[in-house]
file upload-v4.csv (CSV, C-alpha atoms)
chain,number,residue,atom,x,y,z
G,6,MET,CA,-9.6,-10.3,16.2
G,7,ASN,CA,-6.5,-11.1,18.2
G,8,ILE,CA,-3.3,-9.6,16.8
G,9,CYS,CA,0.3,-10.3,18.0
G,10,VAL,CA,2.8,-7.6,17.1
G,11,VAL,CA,6.4,-8.9,17.1
G,12,VAL,CA,9.2,-6.3,17.4
G,13,PRO,CA,13.0,-7.0,17.4
G,14,GLN,CA,13.7,-4.4,20.1
G,15,LYS,CA,11.6,-2.6,22.7
G,16,ASP,CA,11.3,1.1,23.2
G,17,ILE,CA,13.5,2.4,20.4
G,18,TYR,CA,12.9,6.1,20.7
G,19,SER,CA,12.8,6.7,17.0
G,20,GLU,CA,10.2,4.0,16.3
G,21,THR,CA,7.1,5.8,17.4
G,22,PHE,CA,5.2,4.2,14.5
G,23,ILE,CA,5.5,0.7,16.1
G,24,ARG,CA,4.1,2.0,19.4
G,25,ALA,CA,1.2,3.3,17.4
G,26,HIS,CA,0.5,-0.1,15.9
G,27,ILE,CA,0.5,-1.7,19.4
G,28,GLU,CA,-1.7,1.0,21.0
G,29,ARG,CA,-4.1,1.7,18.1
G,30,LEU,CA,-4.8,-1.4,16.1
G,31,ALA,CA,-8.4,-2.8,16.5
G,32,GLY,CA,-9.1,-5.9,18.4
G,33,GLU,CA,-7.0,-7.5,21.2
G,34,VAL,CA,-3.3,-6.7,20.7
G,35,THR,CA,-0.5,-8.4,22.4
G,36,SER,CA,3.2,-7.8,21.8
G,37,LEU,CA,6.4,-9.8,21.8
G,38,TYR,CA,9.9,-8.3,21.8
G,39,GLY,CA,13.3,-9.7,20.8
G,40,THR,CA,14.5,-12.4,18.5
G,41,ASP,CA,14.2,-16.2,18.7
G,42,LEU,CA,15.7,-17.5,22.0
G,43,HIS,CA,15.6,-14.0,23.5
G,44,MET,CA,12.0,-13.2,22.8
G,45,VAL,CA,9.9,-11.9,25.7
G,46,THR,CA,6.4,-10.8,26.4
G,47,ALA,CA,5.5,-7.2,27.1
G,48,ASP,CA,6.0,-7.8,30.9
G,49,GLY,CA,9.4,-9.4,30.4
G,50,ARG,CA,8.6,-13.1,30.6
G,51,ALA,CA,10.7,-15.3,28.4
G,52,LEU,CA,8.8,-17.2,25.6
G,53,LEU,CA,11.3,-20.0,25.9
G,54,LYS,CA,12.6,-20.5,29.4
G,55,PRO,CA,16.3,-21.6,29.6
G,56,PRO,CA,16.7,-25.3,30.6
G,57,GLY,CA,17.0,-26.0,34.3
G,58,PHE,CA,19.8,-28.0,35.9
G,59,LEU,CA,18.2,-31.4,35.4
G,60,GLU,CA,17.4,-30.7,31.8
G,61,ARG,CA,21.0,-29.6,31.1
G,62,VAL,CA,22.2,-32.8,32.7
G,63,ARG,CA,19.8,-34.8,30.6
G,64,ARG,CA,20.9,-33.1,27.4
G,65,SER,CA,24.6,-33.6,28.2
G,66,PHE,CA,24.0,-37.2,28.9
G,67,LEU,CA,22.2,-37.7,25.6
G,68,TYR,CA,24.9,-35.9,23.7
G,69,ARG,CA,27.7,-38.0,25.2
G,70,LEU,CA,25.8,-41.3,24.8
G,71,PHE,CA,24.1,-40.8,21.4
G,72,GLY,CA,25.6,-37.6,20.0
G,73,VAL,CA,22.2,-36.0,20.1
G,74,ARG,CA,22.2,-32.1,20.0
G,75,PHE,CA,19.1,-30.1,20.9
G,76,ASP,CA,18.1,-27.7,18.2
G,77,GLU,CA,17.4,-24.5,20.2
G,78,HIS,CA,15.9,-22.7,17.3
G,79,CYS,CA,13.5,-25.6,16.7
G,80,LEU,CA,12.5,-25.5,20.3
G,81,TRP,CA,11.9,-21.7,20.1
G,82,GLN,CA,9.7,-22.1,17.0
G,83,ARG,CA,7.6,-24.7,18.9
G,84,ALA,CA,7.3,-22.3,21.8
G,85,PHE,CA,6.2,-19.5,19.6
G,86,GLN,CA,3.7,-21.8,17.8
G,87,ARG,CA,2.3,-22.8,21.2
G,88,TYR,CA,2.0,-19.1,22.2
G,89,LEU,CA,0.0,-18.4,19.1
G,90,THR,CA,-2.4,-21.3,19.7
G,91,ASP,CA,-2.8,-20.9,23.4
G,92,ASN,CA,-3.6,-17.2,23.1
G,93,GLY,CA,-6.0,-17.6,20.1
G,94,ILE,CA,-4.0,-15.3,17.9
G,95,ASP,CA,-5.6,-14.7,14.5
G,96,ALA,CA,-2.8,-12.6,12.9
G,97,VAL,CA,0.9,-11.8,13.5
G,98,LEU,CA,2.2,-8.4,12.5
G,99,ALA,CA,5.9,-8.9,12.0
G,100,GLU,CA,7.7,-5.5,12.3
G,101,PHE,CA,10.6,-5.6,9.7
G,102,GLY,CA,11.3,-8.1,7.0
G,103,PRO,CA,13.8,-10.3,8.9
G,104,THR,CA,11.3,-10.7,11.7
G,105,GLY,CA,8.8,-12.1,9.2
G,106,VAL,CA,11.5,-14.6,8.0
G,107,ARG,CA,12.0,-15.9,11.6
G,108,LEU,CA,8.2,-16.2,12.2
G,109,MET,CA,7.0,-17.6,9.0
G,110,GLU,CA,7.3,-21.4,9.7
G,111,SER,CA,5.6,-21.1,13.1
G,112,CYS,CA,2.7,-19.0,11.7
G,113,LYS,CA,2.3,-21.5,8.9
G,114,LYS,CA,2.1,-24.5,11.3
G,115,ALA,CA,-0.2,-22.6,13.7
G,116,ASP,CA,-2.4,-21.6,10.7
G,117,VAL,CA,-2.2,-17.9,11.7
G,118,ALA,CA,-2.2,-15.1,9.2
G,119,LEU,CA,1.3,-13.4,8.8
G,120,VAL,CA,1.5,-9.8,7.8
G,121,VAL,CA,5.1,-8.5,7.4
G,122,HIS,CA,5.7,-4.7,7.7
G,123,PHE,CA,8.8,-3.4,6.0
G,124,HIS,CA,10.1,0.0,7.1
G,125,GLY,CA,13.3,0.9,5.3
G,126,PHE,CA,16.7,-0.8,5.9
G,127,ASP,CA,15.0,-4.2,5.6
G,128,ALA,CA,14.1,-3.5,2.0
G,129,TYR,CA,17.2,-1.6,0.9
G,130,ARG,CA,20.4,-2.3,2.9
G,131,LYS,CA,22.7,-4.4,0.9
G,132,LYS,CA,23.9,-6.5,3.8
G,133,THR,CA,20.3,-7.3,4.8
G,134,ILE,CA,19.4,-8.3,1.3
G,135,GLU,CA,22.5,-10.5,1.1
G,136,ASP,CA,21.6,-12.2,4.4
G,137,TYR,CA,17.9,-12.5,3.9
G,138,GLY,CA,17.2,-12.1,0.2
G,139,ALA,CA,16.8,-15.9,-0.5
G,140,LYS,CA,14.8,-16.3,2.7
G,141,TYR,CA,12.5,-13.4,1.6
G,142,GLN,CA,11.5,-15.5,-1.4
G,143,SER,CA,10.0,-18.1,0.9
G,144,MET,CA,8.6,-15.5,3.2
G,145,PHE,CA,6.8,-13.7,0.3
G,146,GLN,CA,5.2,-17.0,-0.5
G,147,THR,CA,4.1,-17.7,3.1
G,148,ALA,CA,3.0,-14.2,4.2
G,149,ASP,CA,-0.6,-13.4,3.7
G,150,ALA,CA,0.2,-9.7,3.2
G,151,VAL,CA,3.3,-7.5,2.9
G,152,ILE,CA,3.3,-3.8,3.9
G,153,ALA,CA,5.4,-1.1,2.2
G,154,VAL,CA,5.5,2.4,3.6
G,155,SER,CA,6.1,4.1,0.3
G,156,ARG,CA,5.3,3.7,-3.4
G,157,HIS,CA,9.1,3.4,-4.0
G,158,MET,CA,9.2,0.5,-1.5
G,159,VAL,CA,6.3,-1.2,-3.2
G,160,GLU,CA,8.4,-1.4,-6.4
G,161,ARG,CA,11.4,-2.5,-4.5
G,162,LEU,CA,9.7,-5.4,-2.8
G,163,VAL,CA,8.1,-6.5,-6.1
G,164,GLY,CA,11.6,-6.4,-7.5
G,165,LEU,CA,12.8,-8.6,-4.7
G,166,GLY,CA,10.2,-11.3,-5.6
G,167,ALA,CA,7.0,-10.3,-3.8
G,168,ALA,CA,3.7,-10.8,-5.7
G,169,ARG,CA,2.3,-7.4,-6.4
G,170,GLU,CA,-1.1,-8.3,-5.3
G,171,ARG,CA,0.2,-9.1,-1.8
G,172,VAL,CA,2.1,-5.8,-1.4
G,173,HIS,CA,0.1,-3.0,0.2
G,174,HIS,CA,1.1,0.6,0.4
G,175,VAL,CA,0.4,1.8,3.9
G,176,PRO,CA,2.5,4.7,5.3
G,177,CYS,CA,3.0,5.0,9.0
G,178,GLY,CA,1.1,8.3,9.5
G,179,MET,CA,1.3,11.2,12.0
G,180,ASN,CA,-0.7,12.1,15.1
G,181,GLU,CA,-2.7,15.1,14.0
G,182,LYS,CA,-3.8,15.7,17.6
G,183,MET,CA,-0.2,16.2,18.7
G,184,PHE,CA,1.4,17.9,15.7
G,185,TYR,CA,-0.3,21.2,14.8
G,186,GLY,CA,0.0,24.9,15.4
G,187,GLY,CA,3.1,25.8,13.5
G,188,ASP,CA,3.3,29.5,12.4
G,189,PRO,CA,6.2,29.9,9.9
G,190,ALA,CA,5.3,33.6,9.2
G,191,LYS,CA,5.8,34.5,12.9
G,192,ALA,CA,8.7,32.2,13.6
G,193,GLY,CA,12.2,33.5,13.1
G,194,PRO,CA,14.4,31.9,10.4
G,195,VAL,CA,15.0,28.8,12.4
G,196,PHE,CA,15.3,25.3,10.8
G,197,LEU,CA,14.7,22.1,12.5
G,198,THR,CA,16.0,18.6,11.7
G,199,ILE,CA,15.2,15.4,13.6
G,200,GLY,CA,16.6,11.9,13.5
G,201,ARG,CA,19.5,9.6,14.3
G,202,PHE,CA,22.9,10.9,13.4
G,203,VAL,CA,23.6,8.2,10.8
G,204,ASP,CA,24.7,8.1,7.2
G,205,LYS,CA,21.3,8.0,5.5
G,206,LYS,CA,20.2,11.1,7.3
G,207,ALA,CA,23.4,12.9,6.4
G,208,PRO,CA,23.9,15.5,9.1
G,209,HIS,CA,27.4,16.0,7.6
G,210,LEU,CA,25.8,17.3,4.3
G,211,LEU,CA,23.2,19.5,6.0
G,212,LEU,CA,25.8,21.5,7.9
G,213,PRO,CA,27.8,22.8,4.9
G,214,ALA,CA,24.4,23.7,3.2
G,215,PHE,CA,23.5,25.7,6.3
G,216,ARG,CA,26.8,27.5,6.3
G,217,LYS,CA,25.9,28.8,2.8
G,218,VAL,CA,22.6,29.9,4.2
G,219,LEU,CA,24.3,32.0,6.9
G,220,LEU,CA,26.3,33.9,4.2
G,221,GLN,CA,22.9,35.3,3.0
G,222,ALA,CA,20.9,35.2,6.2
G,223,PRO,CA,23.2,35.5,9.1
G,224,GLU,CA,20.4,35.5,11.6
G,225,ALA,CA,19.3,32.0,10.6
G,226,ARG,CA,19.5,29.1,13.2
G,227,LEU,CA,19.6,25.3,12.9
G,228,ILE,CA,18.3,22.9,15.6
G,229,MET,CA,19.5,19.3,15.3
G,230,VAL,CA,17.5,16.8,17.4
G,231,GLY,CA,18.8,13.2,17.9
G,232,ASP,CA,22.0,11.3,18.5
G,233,GLY,CA,24.0,8.5,16.9
G,234,LEU,CA,27.3,7.5,15.4
G,235,LEU,CA,27.8,10.8,13.6
G,236,TRP,CA,27.1,13.0,16.5
G,237,ASP,CA,30.7,13.8,17.5
G,238,SER,CA,31.9,14.3,13.9
G,239,SER,CA,28.9,16.6,13.3
G,240,VAL,CA,29.7,18.7,16.3
G,241,ALA,CA,33.3,18.9,15.1
G,242,LEU,CA,32.3,19.8,11.6
G,243,ALA,CA,30.1,22.6,12.9
G,244,LYS,CA,33.2,24.0,14.7
G,245,ALA,CA,35.4,23.5,11.6
G,246,LEU,CA,32.9,25.4,9.5
G,247,LYS,CA,32.7,28.2,12.2
G,248,ILE,CA,29.0,27.9,12.5
G,249,GLU,CA,28.8,26.3,16.0
G,250,ASN,CA,27.1,29.5,17.4
G,251,SER,CA,24.3,29.1,14.9
G,252,VAL,CA,23.7,25.4,15.4
G,253,THR,CA,22.1,23.8,18.4
G,254,PHE,CA,22.7,20.1,19.0
G,255,ALA,CA,19.7,19.4,21.1
G,256,GLY,CA,20.1,15.6,21.7
G,257,VAL,CA,17.2,13.2,22.0
G,258,LYS,CA,13.8,14.8,22.7
G,259,SER,CA,10.5,13.2,23.6
G,260,HIS,CA,7.6,13.2,21.1
G,261,GLN,CA,5.9,15.9,23.0
G,262,GLU,CA,9.1,18.1,23.0
G,263,VAL,CA,9.4,17.6,19.2
G,264,ALA,CA,5.8,18.7,18.7
G,265,HIS,CA,6.5,21.8,20.7
G,266,LEU,CA,9.7,22.6,18.7
G,267,MET,CA,7.8,22.3,15.5
G,268,ARG,CA,5.5,25.1,16.6
G,269,GLU,CA,8.5,27.4,17.1
G,270,VAL,CA,10.4,27.2,13.9
G,271,ARG,CA,10.2,28.3,10.3
G,272,ALA,CA,10.7,25.0,8.4
G,273,TYR,CA,11.8,21.4,8.6
G,274,VAL,CA,14.9,20.3,6.7
G,275,GLN,CA,16.8,17.1,6.2
G,276,HIS,CA,19.4,15.9,3.6
G,277,PHE,CA,18.6,12.2,3.3
G,278,ILE,CA,20.9,10.2,1.0
G,279,THR,CA,21.4,6.5,0.0
G,280,PRO,CA,24.9,5.6,1.3
G,281,SER,CA,27.1,2.9,-0.1
G,282,SER,CA,25.5,0.4,2.3
G,283,GLY,CA,22.2,0.8,0.3
G,284,ASP,CA,20.3,1.7,3.5
G,285,SER,CA,17.4,4.0,2.9
G,286,GLU,CA,14.4,5.5,4.5
G,287,GLY,CA,10.8,4.4,4.1
G,288,THR,CA,8.6,7.4,4.4
G,289,PRO,CA,10.0,9.4,7.3
G,290,VAL,CA,7.4,10.1,10.0
G,291,ALA,CA,9.1,13.3,11.0
G,292,VAL,CA,8.5,14.7,7.5
G,293,MET,CA,4.8,14.0,7.9
G,294,GLU,CA,4.8,15.5,11.4
G,295,ALA,CA,6.4,18.6,10.2
G,296,GLY,CA,3.9,19.0,7.4
G,297,GLY,CA,1.1,18.2,9.8
G,298,SER,CA,2.4,21.0,12.1
G,299,GLY,CA,2.1,23.4,9.2
G,300,LEU,CA,5.8,23.6,8.3
G,301,PRO,CA,7.3,23.6,4.8
G,302,VAL,CA,9.7,20.7,4.3
G,303,ILE,CA,13.0,21.0,2.5
G,304,ALA,CA,14.4,17.6,1.8
G,305,THR,CA,16.0,15.4,-0.9
G,306,ARG,CA,14.2,13.2,-3.5
G,307,HIS,CA,14.8,10.1,-1.5
G,308,ALA,CA,12.6,6.9,-1.1
G,309,GLY,CA,9.1,7.8,0.0
G,310,ILE,CA,9.6,11.6,0.7
G,311,PRO,CA,8.1,12.6,-2.7
G,312,ASP,CA,4.9,10.9,-1.6
G,313,VAL,CA,4.6,13.5,1.1
G,314,VAL,CA,6.4,16.6,-0.2
G,315,ASP,CA,5.0,18.3,-3.3
G,316,ASP,CA,7.9,20.2,-4.7
G,317,GLY,CA,7.3,23.9,-4.9
G,318,ILE,CA,3.9,23.5,-3.2
G,319,THR,CA,4.3,22.1,0.3
G,320,GLY,CA,8.1,22.6,0.4
G,321,PHE,CA,11.1,21.9,-1.8
G,322,LEU,CA,12.8,18.8,-3.0
G,323,VAL,CA,16.4,18.7,-4.2
G,324,ASP,CA,18.7,15.9,-5.5
G,325,GLU,CA,20.8,13.9,-3.0
G,326,TYR,CA,24.2,15.5,-2.4
G,327,ASP,CA,23.1,18.8,-4.0
G,328,ILE,CA,24.2,21.0,-1.2
G,329,ASP,CA,24.1,24.2,-3.3
G,330,THR,CA,20.4,23.9,-4.2
G,331,MET,CA,19.4,22.9,-0.7
G,332,ALA,CA,21.2,26.0,0.6
G,333,GLU,CA,19.4,28.1,-2.0
G,334,ARG,CA,16.0,26.7,-1.0
G,335,MET,CA,16.7,27.2,2.7
G,336,THR,CA,17.8,30.8,2.0
G,337,ARG,CA,14.5,31.5,0.3
G,338,ILE,CA,12.5,30.2,3.2
G,339,ALA,CA,14.7,32.2,5.6
G,340,ARG,CA,14.1,35.4,3.7
G,341,GLU,CA,10.4,34.9,2.8
G,342,PRO,CA,8.2,34.1,5.8
G,343,ALA,CA,5.1,34.6,3.7
G,344,LEU,CA,6.2,31.9,1.3
G,345,ALA,CA,7.0,29.6,4.2
G,346,ALA,CA,3.5,30.2,5.6
G,347,ARG,CA,1.8,29.4,2.3
G,348,MET,CA,3.8,26.2,1.9
G,349,GLY,CA,3.2,25.3,5.5
G,350,GLN,CA,-0.6,25.6,5.1
G,351,ALA,CA,-0.5,23.5,1.9
G,352,ALA,CA,1.7,20.9,3.7
G,353,ARG,CA,-0.8,20.6,6.6
G,354,GLU,CA,-3.7,20.2,4.2
G,355,ARG,CA,-1.9,17.5,2.3
G,356,VAL,CA,-0.9,15.6,5.4
G,357,LEU,CA,-4.3,15.8,7.0
G,358,SER,CA,-5.9,14.4,3.8
G,359,GLN,CA,-3.5,11.5,3.3
G,360,PHE,CA,-1.2,10.8,6.2
G,361,THR,CA,-3.0,11.0,9.5
G,362,LEU,CA,-2.4,8.2,12.0
G,363,ASP,CA,-6.1,7.5,12.2
G,364,LYS,CA,-6.3,6.9,8.4
G,365,THR,CA,-3.1,4.8,8.1
G,366,ILE,CA,-4.1,2.6,11.1
G,367,LYS,CA,-7.5,2.0,9.6
G,368,ASP,CA,-5.8,1.0,6.4
G,369,LEU,CA,-3.5,-1.3,8.2
G,370,ASP,CA,-6.4,-2.8,10.2
G,371,GLU,CA,-8.1,-3.5,6.9
G,372,VAL,CA,-5.1,-5.3,5.4
G,373,ILE,CA,-4.8,-7.5,8.5
G,374,ARG,CA,-8.6,-8.2,8.6
G,375,GLN,CA,-8.5,-9.3,4.9
G,376,ALA,CA,-5.4,-11.4,5.6
G,377,VAL,CA,-7.3,-13.2,8.4
G,378,GLN,CA,-10.4,-13.7,6.3
G,379,LYS,CA,-8.4,-15.0,3.4
G,380,ARG,CA,-6.6,-17.6,5.6
G,381,LYS,CA,-9.8,-18.7,7.3
G,382,GLY,CA,-11.5,-18.9,4.0
G,383,THR,CA,-8.7,-21.0,2.6
G,384,THR,CA,-8.7,-23.5,5.4
G,385,ALA,CA,-12.5,-23.6,5.8
call {"tool": "encode", "arguments": {"input": "upload-v4.csv", "output": "structure tokens"}}
result
Amino acid sequence: MNICVVVPQKDIYSETFIRAHIERLAGEVTSLYGTDLHMVTADGRALLKPPGFLERVRRSFLYRLFGVRFDEHCLWQRAFQRYLTDNGIDAVLAEFGPTGVRLMESCKKADVALVVHFHGFDAYRKKTIEDYGAKYQSMFQTADAVIAVSRHMVERLVGLGAARERVHHVPCGMNEKMFYGGDPAKAGPVFLTIGRFVDKKAPHLLLPAFRKVLLQAPEARLIMVGDGLLWDSSVALAKALKIENSVTFAGVKSHQEVAHLMREVRAYVQHFITPSSGDSEGTPVAVMEAGGSGLPVIATRHAGIPDVVDDGITGFLVDEYDIDTMAERMTRIAREPALAARMGQAARERVLSQFTLDKTIKDLDEVIRQAVQKRKGTTA
């Protein structure tokens, strides 16, 4: 089976799950990056080459003489359709909903199965739904399968118009060979959070919660990994709260460095929220990686997180914006290493049984395989 994975941008550090799709899906996998006229192959070759000098002259002449304009988007669609046909592609995996919208007509004309993988913002952010909501209706009819990374997202996509039988719940999964070996009982009261400094990950709400922890457990520490628009304001807030000596802003770390950090801390913590934009998580991979490492997770009841975190068993869940309860749960973990160890062990068992990368890739493989079989059976 030949699969083409189409990604809007290449090498986004937080999108490790997309790299896993490209590297681990069964069959022959090729990848394309970018959108429409700017789409390139993995080695940087443009799918649609810009017109040369003579072609530009010809187009200018036709426009002046007959008023004919060339539809660049139509030309790109034809180029993508040719790419699918020339490379014998059986299925396209479109990463993110808007990508599926852009590819649906070419896939239909090439008679190639289209599987659209939603991840978070594409199902929830208000502006995205305003821009693509009507187009999603057509895409849901065209796509052979739609992937949602959480049960919450399944219901969201059905609410947006997708047929329930075409929506498949397949979380992204974690690499159990990389994330292991956490020992909360031996680690000091150090909390780790990972992710872009953006509204939905709410670093500005985690910091005041951690300040309350320090009042009860002054030896506690917080490591914040990542960068983003709220970086500077978060650093400033830590200073204003007079907790800067207890907080480490570690910047961006590699996947391997993150795995090492998870072996050195007591627990993972993050205060996810749904901001006014409507943007939301899918099922955060970092939460799975923390559980797989053997760490308890303290997070909010947000999107797909309750799929992974069993409140009171593998960690703690609190309501969005509930800083006081988050601080209380963090304080318990800071003071009770044995509790952290029990929860961490339960978290690892849960993640290994349901959320390993091997399992979720196999599930995704099966959805794609069935989509190809269904399309070939329909056209046979």
call {"tool": "closest_residue", "arguments": {"input": "upload-v4.csv", "among": "G:Cys9, G:Leu119, G:Ala99, G:Ala351", "to": "G:Lys379", "atoms": "all atoms listed in the file"}}
result
G:Leu119
call {"tool": "residues_around", "arguments": {"input": "upload-v4.csv", "residues": "G:Pro103", "least_positions_apart": "4", "cutoff": "10 Å", "atoms": "all atoms listed in the file", "output": "ChimeraX atom specification"}}
result
/G:13,40,99,107-109,121-123,127-128,133-134,136-138,140-141,144
call {"tool": "closest_residue", "arguments": {"input": "upload-v4.csv", "among": "G:Tyr326, G:Phe202, G:Tyr129, G:Phe215", "to": "G:Val257", "atoms": "all atoms listed in the file"}}
result
G:Phe202
call {"tool": "atom_distance", "arguments": {"input": "upload-v4.csv", "atom1": "atom CA of G:Phe277", "atom2": "atom CA of G:His174"}}
result
21.2 Å
call {"tool": "atom_distance", "arguments": {"input": "upload-v4.csv", "atom1": "atom CA of G:Arg355", "atom2": "atom CA of G:Arg226"}}
result
26.7 Å
call {"tool": "atom_distance", "arguments": {"input": "upload-v4.csv", "atom1": "atom CA of G:Leu42", "atom2": "atom CA of G:Trp81"}}
result
6.0 Å
call {"tool": "residues_around", "arguments": {"input": "upload-v4.csv", "residues": "G:Ala84", "least_positions_apart": "5", "cutoff": "9 Å", "atoms": "only C-alpha atoms", "output": "count of residues only"}}
result
5
call {"tool": "closest_residue", "arguments": {"input": "upload-v4.csv", "among": "G:Asp363, G:Glu325, G:Asp91, G:Glu100", "to": "G:Gln14", "atoms": "all atoms listed in the file"}}
result
G:Glu100
call {"tool": "closest_residue", "arguments": {"input": "upload-v4.csv", "among": "G:Glu269, G:Glu135, G:Asp329, G:Asp312", "to": "G:Gly287", "atoms": "all atoms listed in the file"}}
result
G:Asp312
call {"tool": "closest_residue", "arguments": {"input": "upload-v4.csv", "among": "G:Pro311, G:Gly164, G:Gly283, G:Pro189", "to": "G:Lys205", "atoms": "all atoms listed in the file"}}
result
G:Gly283
call {"tool": "residues_around", "arguments": {"input": "upload-v4.csv", "residues": "G:Asp149", "least_positions_apart": "2", "cutoff": "12 Å", "atoms": "only C-alpha atoms", "output": "PDB file with C-alpha atoms, keeping the file's coordinate frame"}}
result
ATOM      1  CA  ASP G  95      -5.600 -14.700  14.500  1.00  0.00           C
ATOM      2  CA  ALA G  96      -2.800 -12.600  12.900  1.00  0.00           C
ATOM      3  CA  VAL G  97       0.900 -11.800  13.500  1.00  0.00           C
ATOM      4  CA  LEU G  98       2.200  -8.400  12.500  1.00  0.00           C
ATOM      5  CA  ALA G  99       5.900  -8.900  12.000  1.00  0.00           C
ATOM      6  CA  GLY G 105       8.800 -12.100   9.200  1.00  0.00           C
ATOM      7  CA  MET G 109       7.000 -17.600   9.000  1.00  0.00           C
ATOM      8  CA  CYS G 112       2.700 -19.000  11.700  1.00  0.00           C
ATOM      9  CA  LYS G 113       2.300 -21.500   8.900  1.00  0.00           C
ATOM     10  CA  ASP G 116      -2.400 -21.600  10.700  1.00  0.00           C
ATOM     11  CA  VAL G 117      -2.200 -17.900  11.700  1.00  0.00           C
ATOM     12  CA  ALA G 118      -2.200 -15.100   9.200  1.00  0.00           C
ATOM     13  CA  LEU G 119       1.300 -13.400   8.800  1.00  0.00           C
ATOM     14  CA  VAL G 120       1.500  -9.800   7.800  1.00  0.00           C
ATOM     15  CA  VAL G 121       5.100  -8.500   7.400  1.00  0.00           C
ATOM     16  CA  HIS G 122       5.700  -4.700   7.700  1.00  0.00           C
ATOM     17  CA  SER G 143      10.000 -18.100   0.900  1.00  0.00           C
ATOM     18  CA  MET G 144       8.600 -15.500   3.200  1.00  0.00           C
ATOM     19  CA  PHE G 145       6.800 -13.700   0.300  1.00  0.00           C
ATOM     20  CA  GLN G 146       5.200 -17.000  -0.500  1.00  0.00           C
ATOM     21  CA  THR G 147       4.100 -17.700   3.100  1.00  0.00           C
ATOM     22  CA  VAL G 151       3.300  -7.500   2.900  1.00  0.00           C
ATOM     23  CA  ILE G 152       3.300  -3.800   3.900  1.00  0.00           C
ATOM     24  CA  ALA G 167       7.000 -10.300  -3.800  1.00  0.00           C
ATOM     25  CA  ALA G 168       3.700 -10.800  -5.700  1.00  0.00           C
ATOM     26  CA  GLU G 170      -1.100  -8.300  -5.300  1.00  0.00           C
ATOM     27  CA  ARG G 171       0.200  -9.100  -1.800  1.00  0.00           C
ATOM     28  CA  VAL G 172       2.100  -5.800  -1.400  1.00  0.00           C
ATOM     29  CA  HIS G 173       0.100  -3.000   0.200  1.00  0.00           C
ATOM     30  CA  VAL G 372      -5.100  -5.300   5.400  1.00  0.00           C
ATOM     31  CA  ILE G 373      -4.800  -7.500   8.500  1.00  0.00           C
ATOM     32  CA  ARG G 374      -8.600  -8.200   8.600  1.00  0.00           C
ATOM     33  CA  GLN G 375      -8.500  -9.300   4.900  1.00  0.00           C
ATOM     34  CA  ALA G 376      -5.400 -11.400   5.600  1.00  0.00           C
ATOM     35  CA  VAL G 377      -7.300 -13.200   8.400  1.00  0.00           C
ATOM     36  CA  GLN G 378     -10.400 -13.700   6.300  1.00  0.00           C
ATOM     37  CA  LYS G 379      -8.400 -15.000   3.400  1.00  0.00           C
ATOM     38  CA  ARG G 380      -6.600 -17.600   5.600  1.00  0.00           C
ATOM     39  CA  LYS G 381      -9.800 -18.700   7.300  1.00  0.00           C
ATOM     40  CA  THR G 383      -8.700 -21.000   2.600  1.00  0.00           C
TER      41      THR G 383
END
call {"tool": "residues_around", "arguments": {"input": "upload-v4.csv", "residues": "G:Leu246", "least_positions_apart": "6", "cutoff": "10 Å", "atoms": "only C-alpha atoms", "output": "PyMOL selection string"}}
result
chain G and resi 212-213+215-216
call {"tool": "closest_residue", "arguments": {"input": "upload-v4.csv", "among": "G:Arg306, G:Arg83, G:His265, G:Arg347", "to": "G:Gly186", "atoms": "all atoms listed in the file"}}
result
G:His265
call {"tool": "residues_around", "arguments": {"input": "upload-v4.csv", "residues": "G:Ser285", "least_positions_apart": "3", "cutoff": "6 Å", "atoms": "only C-alpha atoms", "output": "list in words"}}
result
Gly125, Phe126, Tyr129 and Thr279 of chain G
call {"tool": "residues_near_point", "arguments": {"input": "upload-v4.csv", "point": "(2.7, 1.9, 16.7)", "cutoff": "10 Å", "atoms": "all atoms listed in the file", "output": "PyMOL selection string"}}
result
chain G and resi 10+20-30+100+177-178+362+366
